[in-house]
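One file, my_file38.cif, carrying mmCIF, C-alpha atoms:
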data_my_file
loop_
_atom_site.label_atom_id
_atom_site.label_comp_id
_atom_site.auth_asym_id
_atom_site.auth_seq_id
_atom_site.Cartn_x
_atom_site.Cartn_y
_atom_site.Cartn_z
CA MET O 634 65.04 -116.20 -221.91
CA PRO O 635 64.03 -115.35 -225.52
CA ASP O 636 64.45 -111.77 -226.74
CA LEU O 637 61.01 -110.97 -228.16
CA VAL O 638 61.00 -107.20 -228.63
CA LEU O 639 58.21 -106.09 -230.95
CA THR O 640 57.16 -102.87 -232.62
CA TYR O 641 54.05 -101.27 -231.20
CA PRO O 642 51.78 -102.49 -234.05
CA GLU O 643 53.17 -106.01 -233.64
CA ALA O 644 52.64 -106.00 -229.87
CA ALA O 645 49.13 -104.54 -230.25
CA ALA O 646 48.25 -107.29 -232.74
CA VAL O 647 49.46 -109.95 -230.28
CA ILE O 648 47.24 -108.50 -227.56
CA GLN O 649 44.25 -108.42 -229.91
CA ASP O 650 44.78 -112.07 -230.88
CA ARG O 651 44.88 -113.13 -227.23
CA ALA O 652 41.89 -110.91 -226.45
CA LYS O 653 39.83 -112.70 -229.11
CA ILE O 654 40.64 -116.05 -227.50
CA LEU O 655 39.60 -114.75 -224.07
CA LEU O 656 36.44 -113.19 -225.49
CA ALA O 657 35.30 -116.60 -226.68
CA GLN O 658 35.46 -117.83 -223.06
CA LYS O 659 32.57 -115.85 -221.63
CA PRO O 660 32.69 -114.93 -217.93
CA THR O 661 29.91 -115.92 -215.57
CA ALA O 662 26.87 -113.62 -215.55
CA GLU O 663 24.69 -112.09 -212.88
CA LYS O 664 21.66 -109.83 -212.73
CA VAL O 665 22.02 -106.42 -211.11
CA PRO O 666 19.64 -103.46 -210.67
CA LEU O 667 19.58 -101.27 -213.77
CA LEU O 668 21.67 -98.40 -212.40
CA ALA O 669 24.19 -100.84 -210.91
CA GLY O 670 24.75 -102.04 -214.48
CA LEU O 671 26.34 -98.72 -215.49
CA HIS O 672 29.83 -99.40 -216.91
CA ARG O 673 29.31 -103.15 -216.59
CA VAL O 674 29.32 -105.42 -219.67
CA LEU O 675 25.96 -106.71 -220.85
CA ALA O 676 25.72 -110.52 -220.85
CA GLU O 677 22.46 -110.81 -222.83
CA PRO O 678 20.97 -108.40 -225.35
CA VAL O 679 18.40 -105.82 -224.34
CA LEU O 680 15.31 -106.50 -226.47
CA ALA O 681 12.46 -104.18 -227.34
CA ASP O 682 9.36 -105.31 -225.43
CA ARG O 683 7.08 -103.54 -227.95
CA ASP O 684 7.31 -101.48 -231.11
CA GLN O 685 9.15 -98.19 -230.66
CA PRO O 686 7.40 -95.86 -230.86
CA PRO O 687 4.24 -97.88 -230.09
CA PHE O 688 2.14 -95.30 -231.97
CA PRO O 689 2.70 -92.67 -234.68
CA ARG O 690 4.40 -89.94 -232.64
CA SER O 691 4.34 -86.22 -233.28
CA THR O 692 7.84 -84.72 -233.38
CA ARG O 693 6.62 -81.12 -233.14
CA ASP O 694 4.19 -78.92 -231.30
CA GLY O 695 1.62 -78.01 -233.91
CA PHE O 696 -1.53 -79.30 -235.56
CA ALA O 697 -2.30 -82.79 -236.86
CA CYS O 698 -4.16 -82.69 -240.15
CA ARG O 699 -4.28 -84.09 -243.66
CA ALA O 700 -1.50 -83.14 -246.07
CA SER O 701 -4.06 -82.84 -248.87
CA ASP O 702 -5.72 -80.00 -246.94
CA ILE O 703 -2.44 -78.07 -246.84
CA ASN O 704 -1.44 -78.87 -250.43
CA PRO O 705 -4.71 -78.13 -252.30
CA ASP O 706 -5.11 -77.87 -256.05
CA MET O 707 -6.05 -74.21 -255.61
CA SER O 708 -3.49 -71.48 -254.99
CA GLU O 709 -4.13 -71.15 -251.22
CA ALA O 710 -4.91 -73.66 -248.50
CA LYS O 711 -8.34 -73.39 -246.96
CA PRO O 712 -8.59 -72.52 -243.26
CA LEU O 713 -8.97 -75.64 -241.09
CA ARG O 714 -11.33 -75.99 -238.18
CA ILE O 715 -9.59 -76.92 -234.89
CA ILE O 716 -11.63 -79.66 -233.20
CA GLY O 717 -9.59 -80.20 -230.03
CA GLN O 718 -6.25 -80.53 -228.32
CA LEU O 719 -4.03 -83.55 -227.60
CA LYS O 720 -1.02 -83.64 -225.26
CA ALA O 721 1.64 -86.31 -224.70
CA GLY O 722 0.26 -89.13 -222.57
CA ASP O 723 -3.31 -88.80 -223.90
CA ILE O 724 -5.11 -90.46 -226.80
CA TRP O 725 -7.69 -88.82 -229.07
CA LYS O 726 -11.15 -90.16 -228.19
CA GLY O 727 -13.17 -87.91 -230.45
CA ALA O 728 -14.41 -88.56 -233.96
CA PRO O 729 -11.77 -89.20 -236.64
CA LEU O 730 -10.41 -86.08 -238.28
CA ALA O 731 -12.34 -85.24 -241.41
CA THR O 732 -11.24 -83.19 -244.39
CA GLY O 733 -10.91 -79.55 -243.39
CA GLU O 734 -10.24 -80.34 -239.72
CA ALA O 735 -7.13 -80.11 -237.54
CA LEU O 736 -6.20 -81.17 -234.02
CA GLU O 737 -3.80 -79.22 -231.86
CA ILE O 738 -1.06 -81.65 -230.81
CA MET O 739 2.01 -81.56 -228.57
CA THR O 740 5.41 -83.13 -229.14
CA GLY O 741 5.33 -86.82 -228.22
CA ALA O 742 1.56 -87.24 -228.49
CA PRO O 743 0.03 -90.02 -230.64
CA VAL O 744 -1.19 -88.75 -234.01
CA PRO O 745 -4.84 -89.74 -234.73
CA PRO O 746 -5.24 -92.39 -237.45
CA THR O 747 -6.86 -90.15 -240.08
CA ALA O 748 -4.18 -87.42 -239.80
CA ASP O 749 -1.06 -87.94 -241.89
CA CYS O 750 1.11 -84.91 -241.06
CA VAL O 751 1.76 -82.29 -238.39
CA VAL O 752 2.15 -78.66 -239.33
CA MET O 753 4.44 -76.80 -236.92
CA VAL O 754 2.92 -74.13 -234.71
CA GLU O 755 5.47 -71.62 -236.09
CA HIS O 756 3.97 -71.97 -239.57
CA VAL O 757 0.33 -71.18 -238.79
CA LYS O 758 -1.96 -68.57 -237.25
CA VAL O 759 -4.99 -69.32 -235.11
CA ARG O 760 -8.10 -67.14 -235.02
CA ASP O 761 -11.23 -68.25 -233.16
CA ASP O 762 -10.50 -71.99 -233.48
CA VAL O 763 -9.67 -71.60 -237.15
CA LEU O 764 -6.23 -72.62 -238.39
CA LEU O 765 -4.71 -70.42 -241.07
CA ILE O 766 -1.81 -72.01 -242.95
CA GLU O 767 1.18 -69.82 -243.80
CA PRO O 768 0.99 -68.90 -247.50
CA GLY O 769 3.06 -71.18 -249.71
CA ARG O 770 3.49 -73.78 -246.95
CA THR O 771 3.32 -77.42 -248.13
CA LEU O 772 3.74 -80.70 -246.26
CA GLU O 773 4.26 -84.26 -247.38
CA PRO O 774 2.29 -87.14 -245.84
CA GLY O 775 4.26 -88.36 -242.79
CA GLU O 776 6.03 -85.06 -242.21
CA ASN O 777 6.81 -84.39 -238.52
CA ILE O 778 5.57 -87.86 -237.57
CA VAL O 779 7.63 -90.88 -236.47
CA PRO O 780 5.67 -93.97 -237.63
CA ALA O 781 4.91 -96.76 -235.16
CA GLY O 782 7.82 -99.22 -235.06
CA ALA O 783 10.13 -96.92 -237.03
CA GLU O 784 12.78 -96.95 -234.29
CA ALA O 785 12.56 -100.63 -233.35
CA ARG O 786 10.22 -103.58 -233.72
CA SER O 787 9.08 -105.68 -230.78
CA GLY O 788 11.72 -108.33 -230.02
CA SER O 789 14.54 -106.57 -231.89
CA VAL O 790 17.97 -106.07 -230.29
CA ILE O 791 18.34 -102.59 -228.79
CA VAL O 792 21.68 -103.11 -227.01
CA PRO O 793 23.76 -106.15 -228.03
CA ALA O 794 25.49 -108.44 -225.55
CA GLY O 795 29.14 -107.52 -225.00
CA THR O 796 28.36 -103.79 -224.74
CA ARG O 797 29.80 -101.83 -221.83
CA LEU O 798 26.76 -99.97 -220.58
CA ALA O 799 26.85 -96.18 -220.90
CA ALA O 800 24.10 -93.75 -219.93
CA SER O 801 22.43 -94.09 -223.35
CA HIS O 802 22.23 -97.87 -222.91
CA ILE O 803 20.74 -97.49 -219.42
CA ALA O 804 18.09 -95.17 -220.88
CA ALA O 805 17.30 -97.63 -223.69
CA ALA O 806 17.02 -100.53 -221.24
CA ALA O 807 14.72 -98.49 -219.01
CA ALA O 808 12.49 -97.72 -222.00
CA CYS O 809 12.23 -101.47 -222.63
CA GLY O 810 11.18 -102.24 -219.06
CA TYR O 811 14.46 -103.59 -217.70
CA ALA O 812 14.50 -102.96 -213.95
CA ALA O 813 17.55 -105.27 -213.80
CA VAL O 814 20.13 -106.22 -216.42
CA PRO O 815 22.26 -109.34 -216.91
CA VAL O 816 25.96 -108.43 -216.80
CA TYR O 817 29.22 -110.33 -216.77
CA ALA O 818 31.17 -110.66 -213.54
CA ARG O 819 34.05 -108.23 -213.19
CA PRO O 820 37.46 -109.84 -213.66
CA HIS O 821 39.83 -109.72 -210.68
CA VAL O 822 43.20 -108.17 -211.44
CA ALA O 823 46.10 -108.76 -209.05
CA ILE O 824 48.50 -105.83 -208.70
CA LEU O 825 52.01 -106.49 -207.46
CA ALA O 826 54.57 -103.71 -207.12
CA THR O 827 58.17 -104.79 -206.56
CA GLY O 828 61.25 -102.98 -205.35
CA ASP O 829 63.29 -102.38 -202.17
CA GLU O 830 62.94 -98.64 -202.69
CA LEU O 831 59.14 -98.61 -202.19
CA VAL O 832 57.43 -97.52 -198.98
CA PRO O 833 53.68 -97.19 -198.24
CA VAL O 834 52.02 -93.92 -199.24
CA ASP O 835 51.41 -92.91 -195.62
CA HIS O 836 55.11 -93.27 -194.72
CA THR O 837 57.75 -90.58 -194.91
CA PRO O 838 60.36 -91.93 -197.31
CA LEU O 839 64.05 -91.68 -196.63
CA THR O 840 66.25 -89.93 -199.17
CA HIS O 841 66.80 -93.14 -201.15
CA GLN O 842 63.17 -94.28 -201.03
CA ILE O 843 59.95 -93.46 -202.91
CA ARG O 844 56.28 -93.98 -202.12
CA ASN O 845 54.46 -96.81 -203.88
CA SER O 846 52.38 -94.88 -206.42
CA ASN O 847 52.20 -97.68 -209.02
CA SER O 848 49.85 -99.88 -207.03
CA TYR O 849 47.45 -96.96 -206.76
CA SER O 850 47.66 -95.84 -210.39
CA LEU O 851 47.16 -99.42 -211.59
CA ALA O 852 44.27 -99.96 -209.18
CA ALA O 853 42.65 -96.74 -210.43
CA GLN O 854 43.15 -97.69 -214.08
CA THR O 855 41.89 -101.22 -213.41
CA THR O 856 38.74 -99.83 -211.80
CA LEU O 857 38.14 -97.46 -214.72
CA ALA O 858 38.60 -100.42 -217.07
CA GLY O 859 35.71 -102.15 -215.29
CA ALA O 860 37.66 -104.74 -213.30
CA GLN O 861 38.17 -105.40 -209.60
CA PRO O 862 41.71 -104.55 -208.42
CA VAL O 863 43.38 -106.78 -205.83
CA ILE O 864 46.40 -104.94 -204.40
CA LEU O 865 49.06 -107.30 -203.08
CA PRO O 866 51.75 -106.31 -200.55
CA VAL O 867 54.88 -104.86 -202.12
CA ALA O 868 57.47 -107.54 -202.88
CA PRO O 869 61.14 -106.73 -202.21
CA ASP O 870 63.85 -107.36 -204.78
CA ASP O 871 64.15 -111.01 -203.84
CA LYS O 872 63.41 -113.87 -206.23
CA ALA O 873 61.81 -116.13 -203.61
CA GLU O 874 59.63 -113.32 -202.26
CA ILE O 875 58.44 -112.40 -205.74
CA GLU O 876 57.71 -116.06 -206.53
CA SER O 877 55.62 -116.33 -203.41
CA ALA O 878 53.69 -113.17 -204.28
CA ILE O 879 53.03 -114.44 -207.82
CA SER O 880 51.72 -117.69 -206.35
CA SER O 881 49.34 -115.77 -204.05
CA ALA O 882 47.74 -114.13 -207.11
CA SER O 883 46.77 -117.43 -208.74
CA GLY O 884 43.05 -116.94 -208.07
CA CYS O 885 42.89 -113.73 -210.10
CA ASN O 886 42.10 -113.45 -213.81
CA LEU O 887 45.12 -111.29 -214.62
CA LEU O 888 48.38 -110.37 -212.90
CA LEU O 889 50.02 -106.96 -213.25
CA LEU O 890 53.56 -106.64 -211.93
CA SER O 891 55.38 -103.31 -211.86
CA GLY O 892 59.14 -102.95 -211.60
CA GLY O 893 61.93 -105.46 -211.87
CA VAL O 894 61.53 -106.17 -215.61
CA SER O 895 64.57 -104.25 -216.86
CA MET O 896 68.16 -105.50 -217.16
CA GLY O 897 69.37 -104.50 -213.69
CA LYS O 898 71.29 -106.83 -211.41
CA TYR O 899 68.38 -106.93 -208.95
CA ASP O 900 65.52 -107.17 -211.48
CA PHE O 901 64.20 -110.59 -210.47
CA VAL O 902 60.65 -110.51 -211.85
CA GLU O 903 61.37 -112.42 -215.05
CA GLN O 904 63.41 -115.01 -213.14
CA ALA O 905 60.53 -115.52 -210.70
CA LEU O 906 58.07 -115.83 -213.58
CA VAL O 907 60.26 -118.46 -215.26
CA ALA O 908 60.36 -120.41 -212.00
CA ARG O 909 56.53 -120.32 -211.91
CA GLY O 910 56.31 -121.83 -215.42
CA ALA O 911 55.72 -118.65 -217.43
CA GLU O 912 55.47 -118.58 -221.22
CA PHE O 913 56.81 -115.27 -222.55
CA ILE O 914 54.85 -113.93 -225.52
CA PHE O 915 56.86 -110.73 -225.87
CA THR O 916 59.61 -109.25 -223.70
CA GLY O 917 59.65 -105.68 -224.87
CA ALA O 918 58.08 -103.16 -227.23
CA ARG O 919 59.77 -100.44 -229.28
CA ILE O 920 57.95 -97.65 -227.50
CA GLN O 921 58.75 -94.78 -225.18
CA PRO O 922 57.95 -94.87 -222.34
CA GLY O 923 57.52 -98.56 -221.56
CA ARG O 924 60.08 -100.36 -223.69
CA PRO O 925 60.79 -103.18 -221.14
CA VAL O 926 57.11 -104.25 -220.95
CA VAL O 927 56.66 -108.04 -220.72
CA PHE O 928 53.59 -110.04 -221.66
CA GLY O 929 53.09 -113.74 -221.07
CA LYS O 930 51.04 -116.55 -219.62
CA LEU O 931 51.35 -118.44 -216.39
CA PRO O 932 49.61 -121.82 -216.03
CA GLN O 933 46.68 -120.08 -214.31
CA GLN O 934 46.52 -116.59 -215.92
CA TYR O 935 48.00 -114.02 -218.28
CA PHE O 936 50.42 -111.50 -216.81
CA PHE O 937 52.09 -108.22 -217.67
CA GLY O 938 55.46 -107.18 -216.33
CA LEU O 939 55.18 -103.40 -216.47
CA PRO O 940 58.16 -101.06 -216.08
CA GLY O 941 58.61 -99.54 -212.64
CA ASN O 942 58.76 -95.90 -213.76
CA PRO O 943 55.24 -94.63 -213.03
CA VAL O 944 54.47 -93.00 -216.38
CA SER O 945 55.70 -96.12 -218.18
CA THR O 946 53.38 -98.16 -216.00
CA MET O 947 50.36 -96.01 -216.91
CA VAL O 948 51.10 -95.96 -220.64
CA THR O 949 51.71 -99.69 -220.94
CA PHE O 950 48.51 -100.37 -219.00
CA LEU O 951 46.49 -98.30 -221.48
CA LEU O 952 48.14 -99.84 -224.52
CA PHE O 953 48.20 -103.49 -223.50
CA ALA O 954 46.49 -104.37 -220.22
CA GLN O 955 43.27 -102.43 -220.76
CA PRO O 956 42.29 -104.27 -223.98
CA LEU O 957 42.94 -107.61 -222.28
CA ILE O 958 40.82 -106.60 -219.28
CA ALA O 959 38.03 -105.65 -221.68
CA ALA O 960 38.13 -109.14 -223.18
CA LEU O 961 38.18 -110.73 -219.72
CA SER O 962 35.07 -108.64 -218.99
CA GLY O 963 33.26 -110.01 -222.05
CA GLU O 964 33.38 -106.65 -223.85
CA ASN O 965 33.45 -106.50 -227.64
CA VAL O 966 36.29 -104.03 -228.24
CA SER O 967 39.12 -103.48 -230.68
CA GLY O 968 41.84 -101.89 -228.55
CA PRO O 969 42.94 -98.69 -226.81
CA ARG O 970 41.03 -95.45 -227.46
CA PHE O 971 42.68 -92.96 -229.81
CA ALA O 972 41.56 -89.61 -231.17
CA LEU O 973 43.00 -87.12 -233.65
CA ALA O 974 44.22 -83.60 -232.87
CA ARG O 975 46.33 -80.86 -234.41
CA LEU O 976 49.78 -80.37 -232.90
CA ALA O 977 49.98 -76.93 -231.26
CA HIS O 978 53.72 -76.49 -231.88
CA ASP O 979 56.73 -77.83 -233.75
CA PHE O 980 58.32 -80.94 -232.29
CA ARG O 981 61.65 -82.62 -233.02
CA THR O 982 62.33 -86.26 -232.20
CA LYS O 983 64.44 -89.24 -233.18
CA PRO O 984 63.04 -92.10 -235.26
CA GLY O 985 62.98 -95.71 -234.11
CA LEU O 986 60.43 -95.77 -231.29
CA THR O 987 56.70 -95.05 -231.18
CA ARG O 988 56.45 -92.41 -228.47
CA PHE O 989 53.51 -91.69 -226.18
CA LEU O 990 54.25 -88.32 -224.61
CA PRO O 991 52.13 -86.62 -221.94
CA GLY O 992 49.97 -83.99 -223.57
CA ARG O 993 47.23 -81.48 -222.95
CA ILE O 994 44.44 -81.89 -225.46
CA ASP O 995 42.02 -79.02 -225.90
CA PHE O 996 38.91 -80.61 -227.36
CA ASN O 997 36.55 -78.45 -229.40
CA ILE O 998 33.93 -78.97 -232.08
CA ASP O 999 36.06 -77.80 -234.99
CA SER O 1000 39.56 -79.13 -234.39
CA SER O 1001 41.15 -80.43 -231.21
CA GLN O 1002 44.64 -79.21 -230.37
CA ALA O 1003 47.41 -81.16 -228.63
CA THR O 1004 50.29 -79.65 -226.69
CA ILE O 1005 53.16 -81.91 -225.60
CA ILE O 1006 53.98 -81.17 -221.96
CA PRO O 1007 57.69 -80.73 -221.11
CA TRP O 1008 58.71 -83.55 -218.80
CA GLN O 1009 61.74 -85.16 -217.22
CA GLY O 1010 61.12 -88.69 -218.43
CA SER O 1011 58.98 -91.61 -217.38
CA GLY O 1012 59.39 -90.96 -213.67
CA ASP O 1013 57.88 -87.47 -213.93
CA LEU O 1014 54.45 -87.80 -212.30
CA ALA O 1015 54.17 -84.07 -211.60
CA SER O 1016 54.14 -83.16 -215.29
CA THR O 1017 51.99 -86.12 -216.23
CA ALA O 1018 49.37 -85.09 -213.68
CA SER O 1019 48.64 -82.04 -215.85
CA ALA O 1020 48.10 -84.18 -218.95
CA ASN O 1021 44.77 -85.52 -220.17
CA GLY O 1022 46.19 -87.80 -222.85
CA PHE O 1023 49.37 -89.00 -224.53
CA VAL O 1024 50.42 -87.59 -227.89
CA VAL O 1025 51.53 -90.35 -230.25
CA ILE O 1026 54.75 -89.71 -232.18
CA PRO O 1027 55.18 -92.30 -235.00
CA SER O 1028 58.36 -94.35 -235.06
CA THR O 1029 59.34 -92.84 -238.43
CA ALA O 1030 58.90 -89.21 -237.38
CA VAL O 1031 61.81 -86.75 -237.19
CA ASN O 1032 60.27 -83.28 -237.39
CA LEU O 1033 56.61 -82.56 -236.78
CA ALA O 1034 55.27 -79.11 -237.63
CA ALA O 1035 52.62 -77.15 -235.78
CA GLY O 1036 49.22 -77.91 -237.28
CA GLU O 1037 50.06 -81.50 -238.25
CA CYS O 1038 47.47 -84.10 -237.36
CA VAL O 1039 48.58 -86.51 -234.63
CA SER O 1040 46.95 -89.39 -232.80
CA VAL O 1041 46.24 -89.04 -229.11
CA LEU O 1042 45.97 -91.95 -226.67
CA LEU O 1043 43.00 -91.16 -224.42
CA VAL O 1044 43.22 -91.92 -220.71
#
Would you mind writing the structure in this file as structure tokens?
Amino acid sequence: MPDLVLTYPEAAAVIQDRAKILLAQKPTAEKVPLLAGLHRVLAEPVLADRDQPPFPRSTRDGFACRASDINPDMSEAKPLRIIGQLKAGDIWKGAPLATGEALEIMTGAPVPPTADCVVMVEHVKVRDDVLLIEPGRTLEPGENIVPAGAEARSGSVIVPAGTRLAASHIAAAAACGYAAVPVYARPHVAILATGDELVPVDHTPLTHQIRNSNSYSLAAQTTLAGAQPVILPVAPDDKAEIESAISSASGCNLLLLSGGVSMGKYDFVEQALVARGAEFIFTGARIQPGRPVVFGKLPQQYFFGLPGNPVSTMVTFLLFAQPLIAALSGENVSGPRFALARLAHDFRTKPGLTRFLPGRIDFNIDSSQATIIPWQGSGDLASTASANGFVVIPSTAVNLAAGECVSVLLV
């Protein structure tokens, strides 16, 4: 078997290249009720069914009037006569505003055609239906008004195809009259944990056994990535059994295997994959945790061989499997989600590997702060459960000082 161990940037580039190929092969589409489309990937663009806004819209509570009445040639603006009131949802049916007149108007209401500005209620005084402008106050034509069609023209794209629908997209689609939205079908992701040491979560393990947490973490991550997890029965450390399990996953879009990809005497996953006709694209990445990660293609699907240690499994999913699932979903994406934060403390490390260490990130408006959580290695789920991200330590780093800016892999 070829030794194809890549740096993290090299491995990430490989995933992105394969994701682009998959993205060109669009999944099948279906229509679902609007709210059911949340977190699904849009198959066709959402188009504006009319100009937005469809009328000149007031952005303030105040008084619609003519700017020339507020900006006179004389030193003070003349008082304006208030001829009526207009709230959102109504339309002015009276005579057009003449010079020297004003109309009380609420936020969101349509501005009458002969008015060209809205003076805010905070900047005026009203006495007996007479509007007194605050001394020195001037307004430009169009001030506090959103013109018709300024946000979008009828027929224009509001949400492009390939977008994973968030709440803002649902709101935009609702505003355009979409009671249902066309979305791509969710990809099916087969999850296969391997290892003689694994027992079901509802069993009491013996001293030498552990519960199968990887199938559950991968199923949870797969669901959050927008795909449909298919959990297969645990396969023991037996080449024939693993081959059979791999064969049973042939109907799924992607196969995730955990465990059995290291160099141990009973690590049979790669042998079983070879027997099933696998092409290996890379067989490791210079990262911690997750160095033994394997990526390749079977005749029927792509696969990842993820390390069996649970934190390694989660990290390698975020770095490599999630971007591929996004492409299989039809989503236009560029890769994992990273953010920047300031390191809360000094940290010493060894160069050579890009490290993704469990961290607690305190997000705030000024500067987010990242604290690396002490842990006992990639099997330490207890420490990782208190993390809300993974602090990225570059492969060239030796000493990092408190206050340095670091990248954070978001979960």
Excluding O:Thr1029 and residues on its chain fewer than 3 positions from it, collect all residues at most 10 Å away from it, counting only C-alpha atoms, and give them as number ranges by chain. O: 982-987, 1026, 1032
Could you spell out the hits of the PyMOL selection byres ((chain O and resi 949) around 12) on the shown file, as a PDB file with C-alpha atoms, keeping the file's coordinate frame?
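Final output, selection-v3.pdb:
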ATOM      1  CA  TYR O 641      54.050-101.270-231.200  1.00  0.00           C
ATOM      2  CA  ALA O 644      52.640-106.000-229.870  1.00  0.00           C
ATOM      3  CA  ALA O 645      49.130-104.540-230.250  1.00  0.00           C
ATOM      4  CA  ILE O 648      47.240-108.500-227.560  1.00  0.00           C
ATOM      5  CA  SER O 850      47.660 -95.840-210.390  1.00  0.00           C
ATOM      6  CA  LEU O 851      47.160 -99.420-211.590  1.00  0.00           C
ATOM      7  CA  GLN O 854      43.150 -97.690-214.080  1.00  0.00           C
ATOM      8  CA  LEU O 889      50.020-106.960-213.250  1.00  0.00           C
ATOM      9  CA  LEU O 890      53.560-106.640-211.930  1.00  0.00           C
ATOM     10  CA  SER O 891      55.380-103.310-211.860  1.00  0.00           C
ATOM     11  CA  GLY O 917      59.650-105.680-224.870  1.00  0.00           C
ATOM     12  CA  ALA O 918      58.080-103.160-227.230  1.00  0.00           C
ATOM     13  CA  ARG O 919      59.770-100.440-229.280  1.00  0.00           C
ATOM     14  CA  ILE O 920      57.950 -97.650-227.500  1.00  0.00           C
ATOM     15  CA  GLN O 921      58.750 -94.780-225.180  1.00  0.00           C
ATOM     16  CA  PRO O 922      57.950 -94.870-222.340  1.00  0.00           C
ATOM     17  CA  GLY O 923      57.520 -98.560-221.560  1.00  0.00           C
ATOM     18  CA  ARG O 924      60.080-100.360-223.690  1.00  0.00           C
ATOM     19  CA  PRO O 925      60.790-103.180-221.140  1.00  0.00           C
ATOM     20  CA  VAL O 926      57.110-104.250-220.950  1.00  0.00           C
ATOM     21  CA  VAL O 927      56.660-108.040-220.720  1.00  0.00           C
ATOM     22  CA  PHE O 928      53.590-110.040-221.660  1.00  0.00           C
ATOM     23  CA  PHE O 937      52.090-108.220-217.670  1.00  0.00           C
ATOM     24  CA  GLY O 938      55.460-107.180-216.330  1.00  0.00           C
ATOM     25  CA  LEU O 939      55.180-103.400-216.470  1.00  0.00           C
ATOM     26  CA  PRO O 940      58.160-101.060-216.080  1.00  0.00           C
ATOM     27  CA  GLY O 941      58.610 -99.540-212.640  1.00  0.00           C
ATOM     28  CA  ASN O 942      58.760 -95.900-213.760  1.00  0.00           C
ATOM     29  CA  PRO O 943      55.240 -94.630-213.030  1.00  0.00           C
ATOM     30  CA  VAL O 944      54.470 -93.000-216.380  1.00  0.00           C
ATOM     31  CA  SER O 945      55.700 -96.120-218.180  1.00  0.00           C
ATOM     32  CA  THR O 946      53.380 -98.160-216.000  1.00  0.00           C
ATOM     33  CA  MET O 947      50.360 -96.010-216.910  1.00  0.00           C
ATOM     34  CA  VAL O 948      51.100 -95.960-220.640  1.00  0.00           C
ATOM     35  CA  PHE O 950      48.510-100.370-219.000  1.00  0.00           C
ATOM     36  CA  LEU O 951      46.490 -98.300-221.480  1.00  0.00           C
ATOM     37  CA  LEU O 952      48.140 -99.840-224.520  1.00  0.00           C
ATOM     38  CA  PHE O 953      48.200-103.490-223.500  1.00  0.00           C
ATOM     39  CA  ALA O 954      46.490-104.370-220.220  1.00  0.00           C
ATOM     40  CA  GLN O 955      43.270-102.430-220.760  1.00  0.00           C
ATOM     41  CA  PRO O 956      42.290-104.270-223.980  1.00  0.00           C
ATOM     42  CA  LEU O 957      42.940-107.610-222.280  1.00  0.00           C
ATOM     43  CA  PRO O 969      42.940 -98.690-226.810  1.00  0.00           C
ATOM     44  CA  ARG O 988      56.450 -92.410-228.470  1.00  0.00           C
ATOM     45  CA  PHE O 989      53.510 -91.690-226.180  1.00  0.00           C
ATOM     46  CA  SER O1011      58.980 -91.610-217.380  1.00  0.00           C
ATOM     47  CA  PHE O1023      49.370 -89.000-224.530  1.00  0.00           C
ATOM     48  CA  LEU O1042      45.970 -91.950-226.670  1.00  0.00           C
ATOM     49  CA  VAL O1044      43.220 -91.920-220.710  1.00  0.00           C
TER      50      VAL O1044
END
Taking the file above as input, evaluate the PyMOL selection byres ((chain O and resi 681) around 12) and report the hits as a ChimeraX atom specification. /O:678-680,682-687,782,784-793,805-811
Please dump the current selection as a compact mmCIF listing (two decimals), in the coordinates of the input; keep C-alpha atoms.
# COMPACT_ATOMS: atom_id res chain seq x y z
CA PRO O 678 20.97 -108.40 -225.35
CA VAL O 679 18.40 -105.82 -224.34
CA LEU O 680 15.31 -106.50 -226.47
CA ASP O 682 9.36 -105.31 -225.43
CA ARG O 683 7.08 -103.54 -227.95
CA ASP O 684 7.31 -101.48 -231.11
CA GLN O 685 9.15 -98.19 -230.66
CA PRO O 686 7.40 -95.86 -230.86
CA PRO O 687 4.24 -97.88 -230.09
CA GLY O 782 7.82 -99.22 -235.06
CA GLU O 784 12.78 -96.95 -234.29
CA ALA O 785 12.56 -100.63 -233.35
CA ARG O 786 10.22 -103.58 -233.72
CA SER O 787 9.08 -105.68 -230.78
CA GLY O 788 11.72 -108.33 -230.02
CA SER O 789 14.54 -106.57 -231.89
CA VAL O 790 17.97 -106.07 -230.29
CA ILE O 791 18.34 -102.59 -228.79
CA VAL O 792 21.68 -103.11 -227.01
CA PRO O 793 23.76 -106.15 -228.03
CA ALA O 805 17.30 -97.63 -223.69
CA ALA O 806 17.02 -100.53 -221.24
CA ALA O 807 14.72 -98.49 -219.01
CA ALA O 808 12.49 -97.72 -222.00
CA CYS O 809 12.23 -101.47 -222.63
CA GLY O 810 11.18 -102.24 -219.06
CA TYR O 811 14.46 -103.59 -217.70
Enter the distance from atom CA of O:Ile994 to atom CA of O:Pro642, in Å, rounded to one decimal. 23.5 Å
For atom CA of O:Leu667 and atom CA of O:Ala813, the interatomic separation in Å (one decimal):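 Distance reported for this atom pair: 4.5 Å.
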Kindly resolve the PyMOL selection byres ((chain O and resi 930) around 8) on the present coordinates and return the residues as JSON, numbers by chain. {"O": [911, 912, 913, 914, 928, 929, 931, 932, 933, 934, 935, 936]}
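Note that atom CA of O:Phe688 and atom CA of O:Leu713 are 24.4 Å apart.
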From the options O:Pro869, O:Pro743, O:Gly992, O:Pro705, which residue's atoms come nearest to O:Ile1005, counting only C-alpha atoms? O:Gly992
